[in-house]
>>> print(open('work03.cif').read())   # mmCIF, C-alpha atoms
data_work
#
loop_
_atom_site.label_atom_id
_atom_site.label_comp_id
_atom_site.auth_asym_id
_atom_site.auth_seq_id
_atom_site.Cartn_x
_atom_site.Cartn_y
_atom_site.Cartn_z
CA MET V 1 -18.30 36.12 22.29
CA THR V 2 -17.45 32.47 21.58
CA ASP V 3 -14.61 33.52 19.28
CA GLN V 4 -13.35 35.92 21.92
CA LYS V 5 -13.37 33.16 24.53
CA GLN V 6 -11.38 30.96 22.18
CA ILE V 7 -8.86 33.74 21.57
CA ALA V 8 -8.56 34.36 25.30
CA ARG V 9 -7.93 30.67 25.96
CA ARG V 10 -5.37 30.57 23.16
CA LEU V 11 -3.68 33.65 24.60
CA LEU V 12 -3.43 32.03 28.04
CA ASP V 13 -2.00 28.85 26.51
CA VAL V 14 0.56 30.57 24.28
CA ALA V 15 1.55 33.68 26.22
CA GLY V 16 -0.06 33.48 29.65
CA ASP V 17 2.99 33.00 31.85
CA THR V 18 3.41 35.93 34.20
CA TYR V 19 6.85 37.52 34.40
CA ALA V 20 6.98 36.50 38.06
CA SER V 21 6.42 32.86 37.13
CA GLN V 22 9.04 33.09 34.38
CA ALA V 23 11.52 34.45 36.91
CA GLY V 24 10.87 31.56 39.29
CA ILE V 25 8.94 33.65 41.84
CA ARG V 26 6.23 31.73 43.70
CA LEU V 27 4.06 34.76 44.19
CA ALA V 28 2.23 35.03 47.53
CA ASP V 29 1.19 37.79 49.90
CA LYS V 30 4.44 37.45 51.81
CA PRO V 31 7.42 39.83 52.13
CA SER V 32 10.02 37.90 50.13
CA PRO V 33 8.04 37.06 46.95
CA LEU V 34 6.50 40.53 46.90
CA TYR V 35 9.97 42.07 47.12
CA GLN V 36 11.23 39.80 44.35
CA LEU V 37 8.33 41.01 42.18
CA LEU V 38 9.31 44.59 42.95
CA VAL V 39 12.92 43.92 41.92
CA LEU V 40 11.71 42.27 38.72
CA SER V 41 9.48 45.29 38.01
CA VAL V 42 12.50 47.58 38.39
CA LEU V 43 14.50 45.44 35.96
CA LEU V 44 11.65 45.34 33.42
CA SER V 45 11.25 49.13 33.58
CA THR V 46 14.46 49.70 31.64
CA ARG V 47 14.67 49.76 27.84
CA ILE V 48 15.89 46.20 27.63
CA LYS V 49 14.36 42.92 26.42
CA ALA V 50 12.00 41.33 28.92
CA ASP V 51 13.79 37.97 28.70
CA ILE V 52 17.05 39.63 29.74
CA ALA V 53 15.37 41.40 32.65
CA VAL V 54 13.85 38.12 33.80
CA ALA V 55 17.20 36.33 33.50
CA ALA V 56 18.85 39.08 35.55
CA GLY V 57 16.17 38.72 38.21
CA ARG V 58 16.76 34.97 38.40
CA GLU V 59 20.49 35.57 38.90
CA LEU V 60 19.88 38.07 41.71
CA PHE V 61 17.55 35.65 43.45
CA LYS V 62 19.94 32.75 42.90
CA ALA V 63 22.54 34.88 44.70
CA THR V 64 20.08 35.01 47.65
CA MET V 65 19.11 38.68 47.13
CA LYS V 66 15.45 37.89 47.81
CA THR V 67 14.74 40.42 50.56
CA PRO V 68 15.60 44.10 51.06
CA ARG V 69 18.01 43.12 53.85
CA LYS V 70 19.81 40.58 51.68
CA MET V 71 19.95 43.07 48.80
CA LEU V 72 21.42 45.75 51.03
CA ASP V 73 23.87 43.37 52.69
CA ALA V 74 25.21 42.33 49.27
CA THR V 75 28.02 44.49 47.98
CA TRP V 76 27.49 46.74 45.00
CA GLN V 77 29.90 44.52 43.02
CA GLN V 78 27.94 41.40 43.91
CA ARG V 79 24.82 43.03 42.51
CA VAL V 80 26.67 44.06 39.37
CA ASP V 81 28.05 40.55 38.93
CA ALA V 82 24.62 38.93 39.29
CA LEU V 83 23.10 41.34 36.77
CA GLY V 84 25.99 40.64 34.41
CA LYS V 85 25.36 36.89 34.59
CA GLY V 86 21.86 37.64 33.34
CA HIS V 87 23.38 39.75 30.52
CA TYR V 88 21.83 42.89 31.97
CA VAL V 89 25.01 44.69 30.98
CA ARG V 90 23.95 48.07 29.63
CA TYR V 91 22.45 49.19 32.91
CA ASP V 92 24.14 46.90 35.41
CA GLU V 93 26.07 49.49 37.42
CA SER V 94 23.32 52.10 37.73
CA THR V 95 20.74 49.40 38.46
CA ALA V 96 22.95 47.86 41.15
CA THR V 97 23.03 51.27 42.83
CA ALA V 98 19.27 51.76 42.47
CA LEU V 99 18.53 48.33 43.95
CA GLY V 100 20.63 49.14 46.99
CA GLU V 101 18.91 52.49 47.44
CA GLY V 102 15.49 50.90 47.00
CA ALA V 103 16.22 48.21 49.57
CA GLU V 104 17.30 50.87 52.04
CA LEU V 105 14.10 52.87 51.46
CA LEU V 106 11.90 49.81 52.00
CA LEU V 107 13.70 48.90 55.19
CA ASP V 108 13.50 52.43 56.56
CA LYS V 109 9.90 53.14 55.60
CA TYR V 110 8.18 49.72 55.65
CA ASN V 111 10.54 47.51 57.66
CA GLY V 112 11.23 45.67 54.40
CA ASP V 113 7.63 44.50 54.04
CA LEU V 114 5.63 45.64 51.01
CA ARG V 115 2.43 44.64 52.77
CA LYS V 116 2.93 47.75 54.89
CA LEU V 117 3.06 49.83 51.71
CA ARG V 118 -0.23 48.18 50.74
CA GLU V 119 -1.69 49.12 54.13
CA ALA V 120 -0.54 52.71 53.64
CA ALA V 121 -2.43 52.84 50.33
CA ASP V 122 -5.59 51.67 52.15
CA GLY V 123 -7.22 50.16 49.06
CA ASP V 124 -6.55 53.20 46.85
CA VAL V 125 -4.88 51.89 43.69
CA GLY V 126 -3.75 55.37 42.65
CA LYS V 127 -2.09 55.87 46.02
CA LEU V 128 -0.46 52.47 45.78
CA ARG V 129 1.05 53.41 42.42
CA GLU V 130 2.34 56.67 43.89
CA LEU V 131 4.01 54.89 46.79
CA LEU V 132 5.58 52.32 44.49
CA GLN V 133 7.10 55.08 42.40
CA GLU V 134 9.06 56.31 45.41
CA VAL V 135 11.29 53.28 44.83
CA PRO V 136 14.34 54.29 42.73
CA ARG V 137 14.01 53.35 39.04
CA LEU V 138 10.36 52.34 39.45
CA GLY V 139 8.40 54.87 37.42
CA PRO V 140 4.87 54.62 36.00
CA VAL V 141 5.83 51.71 33.73
CA GLY V 142 7.31 49.75 36.62
CA ALA V 143 4.32 50.48 38.84
CA ASP V 144 2.03 49.12 36.11
CA ILE V 145 4.14 45.96 35.83
CA PHE V 146 4.04 45.41 39.58
CA CYS V 147 0.28 45.97 39.79
CA ARG V 148 -0.49 43.74 36.79
CA GLU V 149 1.31 40.87 38.46
CA ALA V 150 0.43 41.61 42.11
CA GLN V 151 -3.29 41.50 41.33
CA GLU V 152 -2.90 37.73 41.59
CA VAL V 153 -2.51 38.11 45.38
CA TRP V 154 -3.88 41.61 46.06
CA PRO V 155 -7.59 41.47 45.09
CA GLU V 156 -8.15 45.22 45.33
CA LEU V 157 -6.04 45.63 42.19
CA ARG V 158 -8.30 43.46 40.03
CA PRO V 159 -8.86 43.88 37.23
CA TYR V 160 -5.59 45.69 36.48
CA LEU V 161 -5.35 46.01 32.72
CA ASP V 162 -3.35 49.06 31.75
CA ARG V 163 -2.84 50.75 28.40
CA LYS V 164 -0.16 48.27 27.31
CA ALA V 165 -2.48 45.32 28.01
CA LEU V 166 -5.36 46.99 26.18
CA ASP V 167 -3.08 47.58 23.17
CA GLY V 168 -2.37 43.86 23.15
CA ALA V 169 -6.07 43.07 23.29
CA ASP V 170 -6.69 45.20 20.22
CA LYS V 171 -3.92 43.39 18.33
CA VAL V 172 -5.41 39.93 18.81
CA GLY V 173 -9.06 40.79 18.25
CA LEU V 174 -10.15 41.05 21.88
CA PRO V 175 -12.15 43.99 23.22
CA ALA V 176 -9.95 46.82 24.48
CA ASP V 177 -12.29 47.18 27.44
CA VAL V 178 -11.29 46.35 31.01
CA ARG V 179 -14.63 44.91 32.14
CA GLN V 180 -15.09 42.72 29.07
CA LEU V 181 -11.55 41.40 29.33
CA ALA V 182 -11.99 40.67 33.02
CA ARG V 183 -15.07 38.58 32.22
CA LEU V 184 -13.12 36.63 29.59
CA ALA V 185 -10.23 36.09 32.01
CA GLY V 186 -12.25 34.77 34.94
CA ASP V 187 -9.76 33.85 37.67
CA ASN V 188 -6.80 34.39 35.33
CA VAL V 189 -6.69 38.17 35.08
CA ALA V 190 -2.98 38.41 35.96
CA ARG V 191 -2.09 35.77 33.38
CA LEU V 192 -4.33 37.36 30.75
CA ALA V 193 -2.73 40.75 31.43
CA ALA V 194 0.75 39.26 31.03
CA GLY V 195 -0.24 37.60 27.77
CA LEU V 196 -1.74 40.79 26.40
CA VAL V 197 1.44 42.71 27.17
CA ARG V 198 3.54 40.03 25.52
CA VAL V 199 1.52 40.13 22.28
CA SER V 200 1.61 43.94 22.31
CA LEU V 201 5.41 43.68 22.14
CA ASP V 202 5.77 40.71 19.78
CA LYS V 203 4.00 40.64 16.41
CA GLY V 204 4.97 37.02 15.82
CA LEU V 205 3.43 35.97 19.11
CA ALA V 206 0.30 37.97 18.33
CA LYS V 207 -0.08 36.06 15.04
CA GLU V 208 0.42 32.78 16.88
CA VAL V 209 -2.52 33.69 19.10
CA HIS V 210 -4.67 35.05 16.27
CA PRO V 211 -3.49 34.58 12.64
CA ALA V 212 -5.40 37.67 11.54
CA ALA V 213 -3.49 39.88 13.97
#
>>> encode(input="work03.cif", output="structure tokens")
Amino acid sequence: MTDQKQIARRLLDVAGDTYASQAGIRLADKPSPLYQLLVLSVLLSTRIKADIAVAAGRELFKATMKTPRKMLDATWQQRVDALGKGHYVRYDESTATALGEGAELLLDKYNGDLRKLREAADGDVGKLRELLQEVPRLGPVGADIFCREAQEVWPELRPYLDRKALDGADKVGLPADVRQLARLAGDNVARLAAGLVRVSLDKGLAKEVHPAA
């Protein structure tokens, strides 16, 4: 167990930044940061490098598209241009369309406030994932990304450690078991989940955490 605690601490130190933090989102149970996390989850859902998705998110937010209303009020070309500045160029046009459609859905159904979506799920994580996937371009992968990060502010999601996170645990010598990982994480489940996903995608990073990986 001691070795596992050391690996978990090393993982948090080396790879424990959440994607939200990397994108400059100060995550809180408030409409704007929750929406920014949703946008980031949409961007990360595509077959593109995570760093590019994060950079694209930062550009959208820098262009003040931090709420569904602001996203919808922006022109399609403004969305494309912001995505392009983040080098999100392979999917910029279709994603710009999807972001506009998603903003419209959230405004129509939840008055632009994802906390209302949370209320509709009524503590049922499966239902929450279903409702999230109504957002254009946010499939099962995107729902997992959102839930992994949102568990920092939505306690009913904890511990949210999906298959991708468990794969990362196996690669660095940690137990691929949700309860055991949650105990190792303590109050840092969201950060541990982010780190596990990162090492599942990056062999070099996995070796940095645990040389025997």
>>> residues_around(input="work03.cif", residues="Gly100 of chain V", least_positions_apart="5", cutoff="9 Å", atoms="only C-alpha atoms", output="number ranges by chain")
V: 68, 71-76, 79, 95, 105
>>> atom_distance(input="work03.cif", atom1="atom CA of Lys164 of chain V", atom2="atom CA of Ala120 of chain V")
26.7 Å
>>> residues_around(input="work03.cif", residues="segment 49-55 of chain V", least_positions_apart="3", cutoff="9 Å", atoms="all atoms listed in the file", output="compact mmCIF listing (two decimals) with C-alpha atoms, keeping the file's coordinate frame")
# COMPACT_ATOMS: atom_id res chain seq x y z
CA TYR V 19 6.85 37.52 34.40
CA ALA V 20 6.98 36.50 38.06
CA GLN V 22 9.04 33.09 34.38
CA ALA V 23 11.52 34.45 36.91
CA LEU V 40 11.71 42.27 38.72
CA SER V 41 9.48 45.29 38.01
CA VAL V 42 12.50 47.58 38.39
CA LEU V 43 14.50 45.44 35.96
CA LEU V 44 11.65 45.34 33.42
CA SER V 45 11.25 49.13 33.58
CA THR V 46 14.46 49.70 31.64
CA ARG V 58 16.76 34.97 38.40
CA GLU V 59 20.49 35.57 38.90
CA LEU V 60 19.88 38.07 41.71
CA LEU V 83 23.10 41.34 36.77
CA LYS V 85 25.36 36.89 34.59
CA GLY V 86 21.86 37.64 33.34
CA HIS V 87 23.38 39.75 30.52
CA TYR V 88 21.83 42.89 31.97
>>> atom_distance(input="work03.cif", atom1="atom CA of Asp17 of chain V", atom2="atom CA of Gly139 of chain V")
23.2 Å
>>> closest_residue(input="work03.cif", among="V:Val178, V:Val199, V:Leu184, V:Val189", to="Gln151 of chain V", atoms="all atoms listed in the file")
V:Val189
>>> resolve_selection(input="work03.cif", expression="the PyMOL selection byres ((chain V and resi 159) around 7)", output="list in words")
Leu157, Arg158, Tyr160, Leu161, Ala182 and Val189 of chain V
>>> residues_around(input="work03.cif", residues="Ala165 of chain V", least_positions_apart="5", cutoff="12 Å", atoms="all atoms listed in the file", output="ChimeraX atom specification")
/V:141,144-145,148-149,159-160,170-172,174-178,181-182,189-201
>>> write_last_selection(input="work03.cif", atoms="C-alpha atoms", output="JSON list (two decimals), keeping the file's coordinate frame")
[["chain", "number", "residue", "atom", "x", "y", "z"],
["V", 141, "VAL", "CA", 5.83, 51.71, 33.73],
["V", 144, "ASP", "CA", 2.03, 49.12, 36.11],
["V", 145, "ILE", "CA", 4.14, 45.96, 35.83],
["V", 148, "ARG", "CA", -0.49, 43.74, 36.79],
["V", 149, "GLU", "CA", 1.31, 40.87, 38.46],
["V", 159, "PRO", "CA", -8.86, 43.88, 37.23],
["V", 160, "TYR", "CA", -5.59, 45.69, 36.48],
["V", 170, "ASP", "CA", -6.69, 45.20, 20.22],
["V", 171, "LYS", "CA", -3.92, 43.39, 18.33],
["V", 172, "VAL", "CA", -5.41, 39.93, 18.81],
["V", 174, "LEU", "CA", -10.15, 41.05, 21.88],
["V", 175, "PRO", "CA", -12.15, 43.99, 23.22],
["V", 176, "ALA", "CA", -9.95, 46.82, 24.48],
["V", 177, "ASP", "CA", -12.29, 47.18, 27.44],
["V", 178, "VAL", "CA", -11.29, 46.35, 31.01],
["V", 181, "LEU", "CA", -11.55, 41.40, 29.33],
["V", 182, "ALA", "CA", -11.99, 40.67, 33.02],
["V", 189, "VAL", "CA", -6.69, 38.17, 35.08],
["V", 190, "ALA", "CA", -2.98, 38.41, 35.96],
["V", 191, "ARG", "CA", -2.09, 35.77, 33.38],
["V", 192, "LEU", "CA", -4.33, 37.36, 30.75],
["V", 193, "ALA", "CA", -2.73, 40.75, 31.43],
["V", 194, "ALA", "CA", 0.75, 39.26, 31.03],
["V", 195, "GLY", "CA", -0.24, 37.60, 27.77],
["V", 196, "LEU", "CA", -1.74, 40.79, 26.40],
["V", 197, "VAL", "CA", 1.44, 42.71, 27.17],
["V", 198, "ARG", "CA", 3.54, 40.03, 25.52],
["V", 199, "VAL", "CA", 1.52, 40.13, 22.28],
["V", 200, "SER", "CA", 1.61, 43.94, 22.31],
["V", 201, "LEU", "CA", 5.41, 43.68, 22.14]]
>>> atom_distance(input="work03.cif", atom1="atom CA of Asp113 of chain V", atom2="atom CA of Arg90 of chain V")
29.6 Å
>>> residues_around(input="work03.cif", residues="Asp108 of chain V", least_positions_apart="3", cutoff="12 Å", atoms="only C-alpha atoms", output="list in words")
Pro68, Arg69, Leu72, Glu101, Gly102, Ala103, Glu104, Leu105, Asn111, Gly112, Asp113, Leu114, Lys116, Leu117 and Val135 of chain V
>>> residues_around(input="work03.cif", residues="Gln77 of chain V", least_positions_apart="6", cutoff="10 Å", atoms="only C-alpha atoms", output="list of chain:residue names")
V:Leu83, V:Asp92, V:Glu93, V:Ala96, V:Thr97
>>> closest_residue(input="work03.cif", among="V:Ala185, V:Leu34, V:Leu106, V:Ala169", to="Cys147 of chain V", atoms="only C-alpha atoms")
V:Leu34
>>> build_atoms(input="work03.cif", residues="segment 156-187 of chain V", atoms="N, CA and C atoms", output="CSV table (one decimal), in the frame of the given file")
chain,number,residue,atom,x,y,z
V,156,GLU,N,-7.7,43.9,45.6
V,156,GLU,CA,-8.2,45.2,45.3
V,156,GLU,C,-7.6,45.8,44.0
V,157,LEU,N,-6.6,45.2,43.5
V,157,LEU,CA,-6.0,45.6,42.2
V,157,LEU,C,-6.8,45.1,41.0
V,158,ARG,N,-7.6,44.1,41.2
V,158,ARG,CA,-8.3,43.5,40.0
V,158,ARG,C,-9.5,44.2,39.6
V,159,PRO,N,-9.8,44.3,38.3
V,159,PRO,CA,-8.9,43.9,37.2
V,159,PRO,C,-7.9,45.0,36.9
V,160,TYR,N,-6.6,44.7,36.8
V,160,TYR,CA,-5.6,45.7,36.5
V,160,TYR,C,-5.1,45.4,35.1
V,161,LEU,N,-5.7,46.1,34.1
V,161,LEU,CA,-5.4,46.0,32.7
V,161,LEU,C,-5.0,47.4,32.2
V,162,ASP,N,-3.8,47.7,32.1
V,162,ASP,CA,-3.4,49.1,31.8
V,162,ASP,C,-3.3,49.2,30.2
V,163,ARG,N,-2.8,50.4,29.8
V,163,ARG,CA,-2.8,50.8,28.4
V,163,ARG,C,-2.1,49.7,27.6
V,164,LYS,N,-1.0,49.2,28.1
V,164,LYS,CA,-0.2,48.3,27.3
V,164,LYS,C,-1.0,47.0,27.1
V,165,ALA,N,-1.7,46.5,28.1
V,165,ALA,CA,-2.5,45.3,28.0
V,165,ALA,C,-3.6,45.5,27.0
V,166,LEU,N,-4.3,46.7,27.1
V,166,LEU,CA,-5.4,47.0,26.2
V,166,LEU,C,-4.9,47.1,24.7
V,167,ASP,N,-3.7,47.6,24.5
V,167,ASP,CA,-3.1,47.6,23.2
V,167,ASP,C,-2.9,46.2,22.7
V,168,GLY,N,-2.5,45.3,23.5
V,168,GLY,CA,-2.4,43.9,23.2
V,168,GLY,C,-3.7,43.2,22.8
V,169,ALA,N,-4.7,43.6,23.6
V,169,ALA,CA,-6.1,43.1,23.3
V,169,ALA,C,-6.5,43.5,21.9
V,170,ASP,N,-6.3,44.7,21.5
V,170,ASP,CA,-6.7,45.2,20.2
V,170,ASP,C,-6.0,44.5,19.1
V,171,LYS,N,-4.7,44.1,19.4
V,171,LYS,CA,-3.9,43.4,18.3
V,171,LYS,C,-4.4,42.0,18.1
V,172,VAL,N,-5.0,41.3,19.0
V,172,VAL,CA,-5.4,39.9,18.8
V,172,VAL,C,-6.9,39.8,18.7
V,173,GLY,N,-7.6,40.9,18.5
V,173,GLY,CA,-9.1,40.8,18.2
V,173,GLY,C,-9.9,40.6,19.5
V,174,LEU,N,-9.4,41.0,20.6
V,174,LEU,CA,-10.2,41.0,21.9
V,174,LEU,C,-10.6,42.5,22.2
V,175,PRO,N,-11.7,42.6,22.9
V,175,PRO,CA,-12.2,44.0,23.2
V,175,PRO,C,-11.2,44.8,24.1
V,176,ALA,N,-10.9,46.0,23.7
V,176,ALA,CA,-10.0,46.8,24.5
V,176,ALA,C,-10.8,47.5,25.6
V,177,ASP,N,-11.4,46.7,26.4
V,177,ASP,CA,-12.3,47.2,27.4
V,177,ASP,C,-12.0,46.4,28.7
V,178,VAL,N,-11.7,47.0,29.8
V,178,VAL,CA,-11.3,46.4,31.0
V,178,VAL,C,-12.3,45.4,31.5
V,179,ARG,N,-13.6,45.8,31.6
V,179,ARG,CA,-14.6,44.9,32.1
V,179,ARG,C,-14.9,43.7,31.3
V,180,GLN,N,-14.9,43.9,30.0
V,180,GLN,CA,-15.1,42.7,29.1
V,180,GLN,C,-13.9,41.7,29.2
V,181,LEU,N,-12.7,42.3,29.2
V,181,LEU,CA,-11.6,41.4,29.3
V,181,LEU,C,-11.5,40.6,30.7
V,182,ALA,N,-11.9,41.3,31.7
V,182,ALA,CA,-12.0,40.7,33.0
V,182,ALA,C,-13.0,39.5,33.0
V,183,ARG,N,-14.1,39.7,32.3
V,183,ARG,CA,-15.1,38.6,32.2
V,183,ARG,C,-14.5,37.4,31.4
V,184,LEU,N,-13.7,37.7,30.4
V,184,LEU,CA,-13.1,36.6,29.6
V,184,LEU,C,-12.0,35.9,30.4
V,185,ALA,N,-11.4,36.7,31.3
V,185,ALA,CA,-10.2,36.1,32.0
V,185,ALA,C,-10.7,35.2,33.2
V,186,GLY,N,-11.8,35.5,33.8
V,186,GLY,CA,-12.2,34.8,34.9
V,186,GLY,C,-11.3,34.9,36.1
V,187,ASP,N,-10.7,33.8,36.6
V,187,ASP,CA,-9.8,33.8,37.7
V,187,ASP,C,-8.3,34.1,37.2
